[in-house]
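J.: One structure follows; several queries about it will come next.
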Amino acid sequence: MNLVKDDFIKAFSLYEEKALQHRRFKHRDILPLLENNKIHKQLTVEEIGRSVEYRSIFRLRYGQGPIKVLLWSQMHGDEPTATMALLDLFNFFNGERDGFDTFRKEIAEKLTLYFIPMLNPDGAERYQRRTAMDVDMNRDARAVATVEGALLKAQAMLLKPDFAFNLHNQNNYYNIPGTATPVTISLLAPAYDYARSVNTVRADAMRVIVGINKILQEFIPNAVAKYDDEHTPRGFGDNFQKWGASTILIESGAYAGDPEKLEVRKYNFIALLKAFQEIASGSYSVHDIADYNAIPFNDEKLHDALIRNLSIEKNGKKMLVDVAIRQNEKTVADDYYVEGVIEDIGDLRDFYGYTDLDVEELQFIPAKLYSDRVFSLAELTLPIIVDLLKQGFAAIMVSDTMEGVKVHTFPIQIMKGANFQGAVRPIIGDHADFFIGSKSEIRYAVINGYLIDLKEEMGENFKNGIL
């Protein structure tokens with residue numbers, strides 16, 4: 001059965017795992033989902049080891065074919081998108097009488113699929129890249145000092161897979177070269193030596209990627225790139241390639257308006273199903289490596305916000321600059337907050353922003369703290385906040401807290417004391433809190449790195465906790 005675009009759409013809509021709709025899920029959240037696979041019995045579920053903090057690491061198997069494929073996800077704990085896609089795939093393989101039985105039968109007869117979801121559960125618990133012992137597992141393929149890295153290598157030696165899929169997330173700031181389009185999926189056949197040599201093993205990985213790219217172009221045209229192919233002797237992908245498994249790296253990138261990566265997760269699901277189809281049928285062998293080489297490499301010129309032609313002044317001297325802003329996530333226990341900072345200042349004509357605005361020589365206006373009174377959170381309505389912003393106040397003082405209220409979602413800085421000081425001009429590394437306007441009117445507010453148009457309706461965004 002040869003799946004086409006509508007088939008992929010149908011498959012995902014039927015089998016998306018609804019229990020995972022937020023990317024900061026924990027090991028405990030996937031345990032009942034894996035247990036459910038034991039009940040269905042289409043996939044075997046086996047605990048193959050424990051992390052440093054004794055969290056279970058599982059391997060699932062589907063099919064009994066001669067071609068062995070090993071996939072692992074979340075070796076970096078804060079890169080969860082592919083784990084969600086694997087849970088979707090498990091649901092798909094447990095399905096029946098949905099029009100895909102012939103496809104599943106072919107996969108099961110031709111391939112044996114081995115999945116290791118959440119290889120770094122301790123990192124996932126903290127939503128951090130590294131393991132509980134603060135080691136980057138993907139730089140441990142050579143030394144195999146980590147418990148989890150040693151487990152992955154042991155699986156490679158035991159299973160001797162023909163194909164391997166190394167599933168990651170990349171940051172949101174990669175773009176297609178020369179465009180403002182964020183890279184949604186990056187692909188790579190990792191190099192097994194510094195010369196970036198191409199043997200049969202690596203060439204087969206390249207051909208599978210060509211097949212993946214063809215289907216992804218039907219969904220996200222011109223939003224697929226190649227990841228950097230510099231050889232990393234400590235990296236698992238490079239070593240799997242060296243060990244004889246045709247290895248494909250899939251990096252989940254960004255899709256505008258998709259903070260939880262639910263769209264990107266769908267394209268992971270599609271990419272993997274397409275890869276299984278290509279490998280099972282052998283159709284990847286007809287693809288031309290030249291088509292792999294034609295996929296552009298990632299560029300990294302995106303920012304969360306880019307303000308162009310802003311007038312700034314010092315010592316009576318004025319200049320026009322572009323200001324780039326990043327919205328950095330800071331993890332706190334089981335939650336996180338965003339900290340907007342000024343990333344760059346100057347001529348940024350070759351860069352792009354998710355929010356990209358030419359302010360046409362409007363001027364930088366320092367932010368102020370409103371100190372005439374102290375508010376309670378309960379009385380902070382949108383009209384009050386908007387009125388303060390229009391007067392140039394970016395911060396207020398509050399006397400209390402409210403259970404369940406996240407103060408970082410307010411479109412104004414909430415302070416417990418009078419310790420807010422707005423900068424007189426943009427400074428790299430400073431908090432991104434300032435205003436933009438003329439001498440007679442404030443037109444825009446930048447609060448914690450989010451650009452607010454003070455002439456537009458903010459009600460719906462504020463209600464949803466989005467600046």
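Ordered as shown in the structure tokens, chains take letters A, B, and onward, while each chain numbers its residues from 1 and ligands are numbered from 1 in the order shown.
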Per residue of stretch 109-182 of chain A within 12 Å of stretch 192-203 of chain A, what are the shortest atom pair and its distance in Å to one decimal, counting only C-alpha atoms, with rows by chain and residue number, as CSV?

T.:
residue,atom,partner,partner_atom,distance
A:Pro161,CA,A:Val201,CA,11.5
A:Asp162,CA,A:Val201,CA,8.7
A:Phe163,CA,A:Val201,CA,8.9
A:Ala164,CA,A:Val201,CA,10.9

J.: Quick one: everything within 12 Å of A:Ala256, counting only C-alpha atoms, minus sequence neighbours fewer than 2 positions away in the same chain. Send it as a list in words.

T.: Asn172, Tyr173, Asn175, Ala180, Thr181, Pro182, Val183, Thr184, Ile220, Ala223, Gly253, Ala254, Asp258, Pro259, Glu260, Lys261, Leu262, Glu263, Val264, Leu302, Asp304, Gly353, Tyr354 and Thr355 of chain A

J.: Run DSSP on the backbone and grab whatever in stretch 220-327 of chain A lands in strand (DSSP E or B); send it over as a JSON list (two decimals) with N, CA and C atoms, in the first residue's frame.

T.:
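Final output, saved to result_30.json:
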[["chain", "number", "residue", "atom", "x", "y", "z"],
["A", 224, "VAL", "N", 11.87, 22.76, 4.93],
["A", 224, "VAL", "CA", 12.72, 21.63, 5.31],
["A", 224, "VAL", "C", 14.16, 21.98, 4.96],
["A", 225, "ALA", "N", 15.08, 21.67, 5.86],
["A", 225, "ALA", "CA", 16.49, 21.96, 5.63],
["A", 225, "ALA", "C", 17.34, 20.79, 6.09],
["A", 226, "LYS", "N", 18.63, 20.88, 5.81],
["A", 226, "LYS", "CA", 19.60, 19.91, 6.34],
["A", 226, "LYS", "C", 20.25, 20.50, 7.58],
["A", 246, "SER", "N", 22.39, 2.67, 8.56],
["A", 246, "SER", "CA", 22.08, 3.88, 7.78],
["A", 246, "SER", "C", 21.26, 4.80, 8.68],
["A", 247, "THR", "N", 21.86, 5.91, 9.09],
["A", 247, "THR", "CA", 21.31, 6.71, 10.18],
["A", 247, "THR", "C", 20.74, 8.02, 9.67],
["A", 248, "ILE", "N", 19.53, 8.32, 10.11],
["A", 248, "ILE", "CA", 18.83, 9.54, 9.73],
["A", 248, "ILE", "C", 18.56, 10.35, 10.99],
["A", 249, "LEU", "N", 19.05, 11.56, 11.00],
["A", 249, "LEU", "CA", 18.74, 12.52, 12.06],
["A", 249, "LEU", "C", 17.51, 13.30, 11.65],
["A", 250, "ILE", "N", 16.52, 13.38, 12.55],
["A", 250, "ILE", "CA", 15.37, 14.26, 12.35],
["A", 250, "ILE", "C", 15.35, 15.25, 13.49],
["A", 251, "GLU", "N", 15.45, 16.52, 13.16],
["A", 251, "GLU", "CA", 15.40, 17.60, 14.14],
["A", 251, "GLU", "C", 14.07, 18.32, 14.00],
["A", 252, "SER", "N", 13.29, 18.33, 15.06],
["A", 252, "SER", "CA", 12.04, 19.06, 15.06],
["A", 252, "SER", "C", 12.33, 20.54, 15.28],
["A", 297, "PHE", "N", 21.02, 23.85, 3.67],
["A", 297, "PHE", "CA", 21.41, 23.75, 5.07],
["A", 297, "PHE", "C", 20.66, 24.81, 5.89],
["A", 299, "ASP", "N", 19.99, 27.92, 8.12],
["A", 299, "ASP", "CA", 20.60, 29.18, 8.50],
["A", 299, "ASP", "C", 20.06, 29.52, 9.89],
["A", 302, "LEU", "N", 16.92, 33.95, 12.69],
["A", 302, "LEU", "CA", 15.60, 34.32, 13.20],
["A", 302, "LEU", "C", 15.70, 34.82, 14.63],
["A", 303, "HIS", "N", 14.82, 35.75, 14.97],
["A", 303, "HIS", "CA", 14.65, 36.22, 16.34],
["A", 303, "HIS", "C", 13.16, 36.20, 16.66],
["A", 304, "ASP", "N", 12.84, 36.26, 17.94],
["A", 304, "ASP", "CA", 11.42, 36.31, 18.30],
["A", 304, "ASP", "C", 10.79, 37.62, 17.86],
["A", 305, "ALA", "N", 11.51, 38.70, 18.02],
["A", 305, "ALA", "CA", 11.02, 40.00, 17.55],
["A", 305, "ALA", "C", 12.18, 40.78, 16.96],
["A", 306, "LEU", "N", 11.91, 41.48, 15.88],
["A", 306, "LEU", "CA", 12.92, 42.32, 15.26],
["A", 306, "LEU", "C", 12.27, 43.67, 14.95],
["A", 307, "ILE", "N", 12.80, 44.71, 15.59],
["A", 307, "ILE", "CA", 12.28, 46.06, 15.41],
["A", 307, "ILE", "C", 13.27, 46.83, 14.56],
["A", 308, "ARG", "N", 12.82, 47.33, 13.44],
["A", 308, "ARG", "CA", 13.71, 47.96, 12.47],
["A", 308, "ARG", "C", 13.57, 49.49, 12.50],
["A", 309, "ASN", "N", 14.70, 50.15, 12.26],
["A", 309, "ASN", "CA", 14.75, 51.61, 12.11],
["A", 309, "ASN", "C", 14.23, 52.34, 13.34],
["A", 310, "LEU", "N", 14.70, 51.89, 14.50],
["A", 310, "LEU", "CA", 14.36, 52.54, 15.75],
["A", 310, "LEU", "C", 15.38, 53.64, 16.03],
["A", 311, "SER", "N", 14.91, 54.81, 16.37],
["A", 311, "SER", "CA", 15.80, 55.93, 16.67],
["A", 311, "SER", "C", 16.23, 55.87, 18.13],
["A", 312, "ILE", "N", 17.55, 55.87, 18.37],
["A", 312, "ILE", "CA", 18.08, 55.90, 19.72],
["A", 312, "ILE", "C", 19.03, 57.09, 19.84],
["A", 313, "GLU", "N", 19.34, 57.46, 21.09],
["A", 313, "GLU", "CA", 20.14, 58.68, 21.29],
["A", 313, "GLU", "C", 21.05, 58.52, 22.49],
["A", 314, "LYS", "N", 22.25, 59.09, 22.39],
["A", 314, "LYS", "CA", 23.16, 59.20, 23.52],
["A", 314, "LYS", "C", 24.02, 60.44, 23.33],
["A", 317, "LYS", "N", 23.57, 62.55, 20.33],
["A", 317, "LYS", "CA", 23.80, 61.94, 19.02],
["A", 317, "LYS", "C", 22.75, 60.86, 18.77],
["A", 318, "LYS", "N", 22.09, 60.95, 17.61],
["A", 318, "LYS", "CA", 21.04, 60.01, 17.26],
["A", 318, "LYS", "C", 21.51, 59.05, 16.18],
["A", 319, "MET", "N", 20.95, 57.87, 16.19],
["A", 319, "MET", "CA", 21.19, 56.92, 15.10],
["A", 319, "MET", "C", 19.99, 56.00, 14.97],
["A", 320, "LEU", "N", 19.84, 55.41, 13.80],
["A", 320, "LEU", "CA", 18.80, 54.43, 13.55],
["A", 320, "LEU", "C", 19.40, 53.04, 13.64],
["A", 321, "VAL", "N", 18.73, 52.17, 14.40],
["A", 321, "VAL", "CA", 19.24, 50.82, 14.58],
["A", 321, "VAL", "C", 18.09, 49.82, 14.45],
["A", 322, "ASP", "N", 18.46, 48.59, 14.19],
["A", 322, "ASP", "CA", 17.54, 47.47, 14.31],
["A", 322, "ASP", "C", 17.80, 46.81, 15.66],
["A", 323, "VAL", "N", 16.75, 46.35, 16.32],
["A", 323, "VAL", "CA", 16.87, 45.73, 17.64],
["A", 323, "VAL", "C", 16.25, 44.34, 17.58],
["A", 324, "ALA", "N", 17.05, 43.33, 17.92],
["A", 324, "ALA", "CA", 16.58, 41.94, 17.93],
["A", 324, "ALA", "C", 16.33, 41.50, 19.36],
["A", 325, "ILE", "N", 15.24, 40.75, 19.55],
["A", 325, "ILE", "CA", 14.83, 40.32, 20.88],
["A", 325, "ILE", "C", 14.63, 38.81, 20.89],
["A", 326, "ARG", "N", 15.10, 38.18, 21.95],
["A", 326, "ARG", "CA", 14.87, 36.76, 22.18],
["A", 326, "ARG", "C", 14.00, 36.59, 23.42],
["A", 327, "GLN", "N", 13.13, 35.59, 23.37],
["A", 327, "GLN", "CA", 12.26, 35.25, 24.50],
["A", 327, "GLN", "C", 12.75, 33.91, 25.04]]

J.: In stretch 156-270 of chain A, what's helix (DSSP H, G or I) per DSSP? Answer as an mmCIF file with N, CA and C atoms, in the first residue's frame?

T.:
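Output contents, as saved in result37.cif:
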data_model
loop_
_atom_site.group_PDB
_atom_site.id
_atom_site.type_symbol
_atom_site.label_atom_id
_atom_site.label_comp_id
_atom_site.auth_asym_id
_atom_site.auth_seq_id
_atom_site.Cartn_x
_atom_site.Cartn_y
_atom_site.Cartn_z
ATOM 1 N N ALA A 156 22.519 -0.997 20.252
ATOM 2 C CA ALA A 156 23.075 -0.985 18.893
ATOM 3 C C ALA A 156 23.877 -2.254 18.623
ATOM 4 N N MET A 157 24.674 -2.657 19.577
ATOM 5 C CA MET A 157 25.503 -3.847 19.397
ATOM 6 C C MET A 157 24.657 -5.123 19.409
ATOM 7 N N LEU A 158 23.608 -5.123 20.215
ATOM 8 C CA LEU A 158 22.736 -6.300 20.313
ATOM 9 C C LEU A 158 21.875 -6.465 19.061
ATOM 10 N N LEU A 159 21.245 -5.376 18.630
ATOM 11 C CA LEU A 159 20.267 -5.457 17.540
ATOM 12 C C LEU A 159 20.900 -5.377 16.163
ATOM 13 N N THR A 200 28.136 3.205 1.115
ATOM 14 C CA THR A 200 26.793 2.680 0.844
ATOM 15 C C THR A 200 25.846 2.924 2.004
ATOM 16 N N VAL A 201 26.362 2.774 3.216
ATOM 17 C CA VAL A 201 25.527 2.948 4.414
ATOM 18 C C VAL A 201 24.994 4.372 4.486
ATOM 19 N N ARG A 202 25.874 5.337 4.356
ATOM 20 C CA ARG A 202 25.435 6.732 4.442
ATOM 21 C C ARG A 202 24.587 7.112 3.231
ATOM 22 N N ALA A 203 24.930 6.598 2.067
ATOM 23 C CA ALA A 203 24.164 6.904 0.851
ATOM 24 C C ALA A 203 22.723 6.433 0.991
ATOM 25 N N ASP A 204 22.518 5.267 1.593
ATOM 26 C CA ASP A 204 21.152 4.785 1.786
ATOM 27 C C ASP A 204 20.373 5.706 2.721
ATOM 28 N N ALA A 205 21.036 6.222 3.742
ATOM 29 C CA ALA A 205 20.374 7.188 4.629
ATOM 30 C C ALA A 205 19.980 8.441 3.853
ATOM 31 N N MET A 206 20.860 8.893 2.974
ATOM 32 C CA MET A 206 20.547 10.064 2.153
ATOM 33 C C MET A 206 19.335 9.825 1.272
ATOM 34 N N ARG A 207 19.251 8.623 0.711
ATOM 35 C CA ARG A 207 18.133 8.310 -0.189
ATOM 36 C C ARG A 207 16.810 8.235 0.581
ATOM 37 N N VAL A 208 16.845 7.697 1.790
ATOM 38 C CA VAL A 208 15.631 7.688 2.607
ATOM 39 C C VAL A 208 15.190 9.134 2.896
ATOM 40 N N ILE A 209 16.151 9.991 3.170
ATOM 41 C CA ILE A 209 15.840 11.397 3.441
ATOM 42 C C ILE A 209 15.201 12.056 2.230
ATOM 43 N N VAL A 210 15.650 11.726 1.043
ATOM 44 C CA VAL A 210 15.026 12.280 -0.165
ATOM 45 C C VAL A 210 13.544 11.911 -0.197
ATOM 46 N N GLY A 211 13.227 10.668 0.126
ATOM 47 C CA GLY A 211 11.829 10.245 0.157
ATOM 48 C C GLY A 211 11.033 10.989 1.214
ATOM 49 N N ILE A 212 11.632 11.163 2.397
ATOM 50 C CA ILE A 212 10.969 11.922 3.465
ATOM 51 C C ILE A 212 10.706 13.353 3.017
ATOM 52 N N ASN A 213 11.715 13.964 2.417
ATOM 53 C CA ASN A 213 11.581 15.358 1.980
ATOM 54 C C ASN A 213 10.477 15.514 0.945
ATOM 55 N N LYS A 214 10.336 14.540 0.068
ATOM 56 C CA LYS A 214 9.305 14.644 -0.971
ATOM 57 C C LYS A 214 7.910 14.748 -0.362
ATOM 58 N N ILE A 215 7.622 13.924 0.655
ATOM 59 C CA ILE A 215 6.288 14.009 1.255
ATOM 60 C C ILE A 215 6.157 15.262 2.106
ATOM 61 N N LEU A 216 7.211 15.650 2.822
ATOM 62 C CA LEU A 216 7.110 16.849 3.655
ATOM 63 C C LEU A 216 6.880 18.101 2.820
ATOM 64 N N GLN A 217 7.435 18.129 1.616
ATOM 65 C CA GLN A 217 7.223 19.294 0.757
ATOM 66 C C GLN A 217 5.747 19.463 0.396
ATOM 67 N N GLU A 218 4.978 18.394 0.458
ATOM 68 C CA GLU A 218 3.543 18.500 0.193
ATOM 69 C C GLU A 218 2.795 19.149 1.356
ATOM 70 N N PHE A 219 3.390 19.113 2.541
ATOM 71 C CA PHE A 219 2.762 19.684 3.724
ATOM 72 C C PHE A 219 3.380 21.018 4.126
ATOM 73 N N PHE A 236 26.224 10.219 18.790
ATOM 74 C CA PHE A 236 25.670 8.894 18.533
ATOM 75 C C PHE A 236 25.301 8.707 17.068
ATOM 76 N N GLY A 237 24.720 9.730 16.436
ATOM 77 C CA GLY A 237 24.354 9.568 15.029
ATOM 78 C C GLY A 237 25.546 9.259 14.154
ATOM 79 N N ASP A 238 26.637 9.983 14.356
ATOM 80 C CA ASP A 238 27.860 9.758 13.585
ATOM 81 C C ASP A 238 28.388 8.344 13.810
ATOM 82 N N ASN A 239 28.298 7.878 15.060
ATOM 83 C CA ASN A 239 28.822 6.553 15.368
ATOM 84 C C ASN A 239 27.906 5.435 14.889
ATOM 85 N N PHE A 240 26.601 5.620 14.966
ATOM 86 C CA PHE A 240 25.706 4.629 14.387
ATOM 87 C C PHE A 240 25.995 4.462 12.902
ATOM 88 N N GLN A 241 26.246 5.588 12.219
ATOM 89 C CA GLN A 241 26.601 5.511 10.795
ATOM 90 C C GLN A 241 27.885 4.691 10.622
ATOM 91 N N LYS A 242 28.841 4.938 11.498
ATOM 92 C CA LYS A 242 30.112 4.220 11.446
ATOM 93 C C LYS A 242 29.934 2.740 11.786
ATOM 94 N N LEU A 262 2.747 20.959 18.322
ATOM 95 C CA LEU A 262 1.764 19.960 17.913
ATOM 96 C C LEU A 262 1.728 19.798 16.392
ATOM 97 N N GLU A 263 1.935 20.889 15.659
ATOM 98 C CA GLU A 263 2.046 20.777 14.204
ATOM 99 C C GLU A 263 3.353 20.076 13.832
ATOM 100 N N VAL A 264 4.427 20.461 14.494
ATOM 101 C CA VAL A 264 5.729 19.859 14.194
ATOM 102 C C VAL A 264 5.702 18.371 14.516
ATOM 103 N N ARG A 265 5.021 18.012 15.563
ATOM 104 C CA ARG A 265 4.857 16.602 15.932
ATOM 105 C C ARG A 265 4.182 15.837 14.800
ATOM 106 N N LYS A 266 3.167 16.446 14.183
ATOM 107 C CA LYS A 266 2.475 15.795 13.068
ATOM 108 C C LYS A 266 3.424 15.510 11.924
ATOM 109 N N TYR A 267 4.330 16.447 11.631
ATOM 110 C CA TYR A 267 5.253 16.244 10.511
ATOM 111 C C TYR A 267 6.318 15.199 10.851
ATOM 112 N N ASN A 268 6.631 15.039 12.138
ATOM 113 C CA ASN A 268 7.465 13.910 12.571
ATOM 114 C C ASN A 268 6.773 12.594 12.276
ATOM 115 N N PHE A 269 5.519 12.498 12.668
ATOM 116 C CA PHE A 269 4.711 11.301 12.441
ATOM 117 C C PHE A 269 4.695 10.951 10.954
ATOM 118 N N ILE A 270 4.444 11.948 10.121
ATOM 119 C CA ILE A 270 4.384 11.732 8.674
ATOM 120 C C ILE A 270 5.747 11.311 8.138
#

J.: Could you pull the residues within 6 Å of stretch 435-442 of chain A, counting only C-alpha atoms, minus those fewer than 3 positions along the same chain, as a list of chain:residue names?

T.: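 The neighbour list is A:Leu362, A:Gln363, A:Phe364, A:Ile365, A:Lys390, A:Ala445, A:Val446.
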
J.: Include C-alpha atoms and write out the residues we just selected as a JSON list (two decimals), in the first residue's frame.

T.:
[["chain", "number", "residue", "atom", "x", "y", "z"],
["A", 362, "LEU", "CA", 10.01, 56.28, 15.85],
["A", 363, "GLN", "CA", 12.12, 56.69, 18.95],
["A", 364, "PHE", "CA", 13.10, 54.54, 21.88],
["A", 365, "ILE", "CA", 11.28, 55.60, 25.07],
["A", 390, "LYS", "CA", 0.00, 54.28, 27.12],
["A", 445, "ALA", "CA", 5.06, 48.73, 24.16],
["A", 446, "VAL", "CA", 7.72, 46.05, 24.43]]
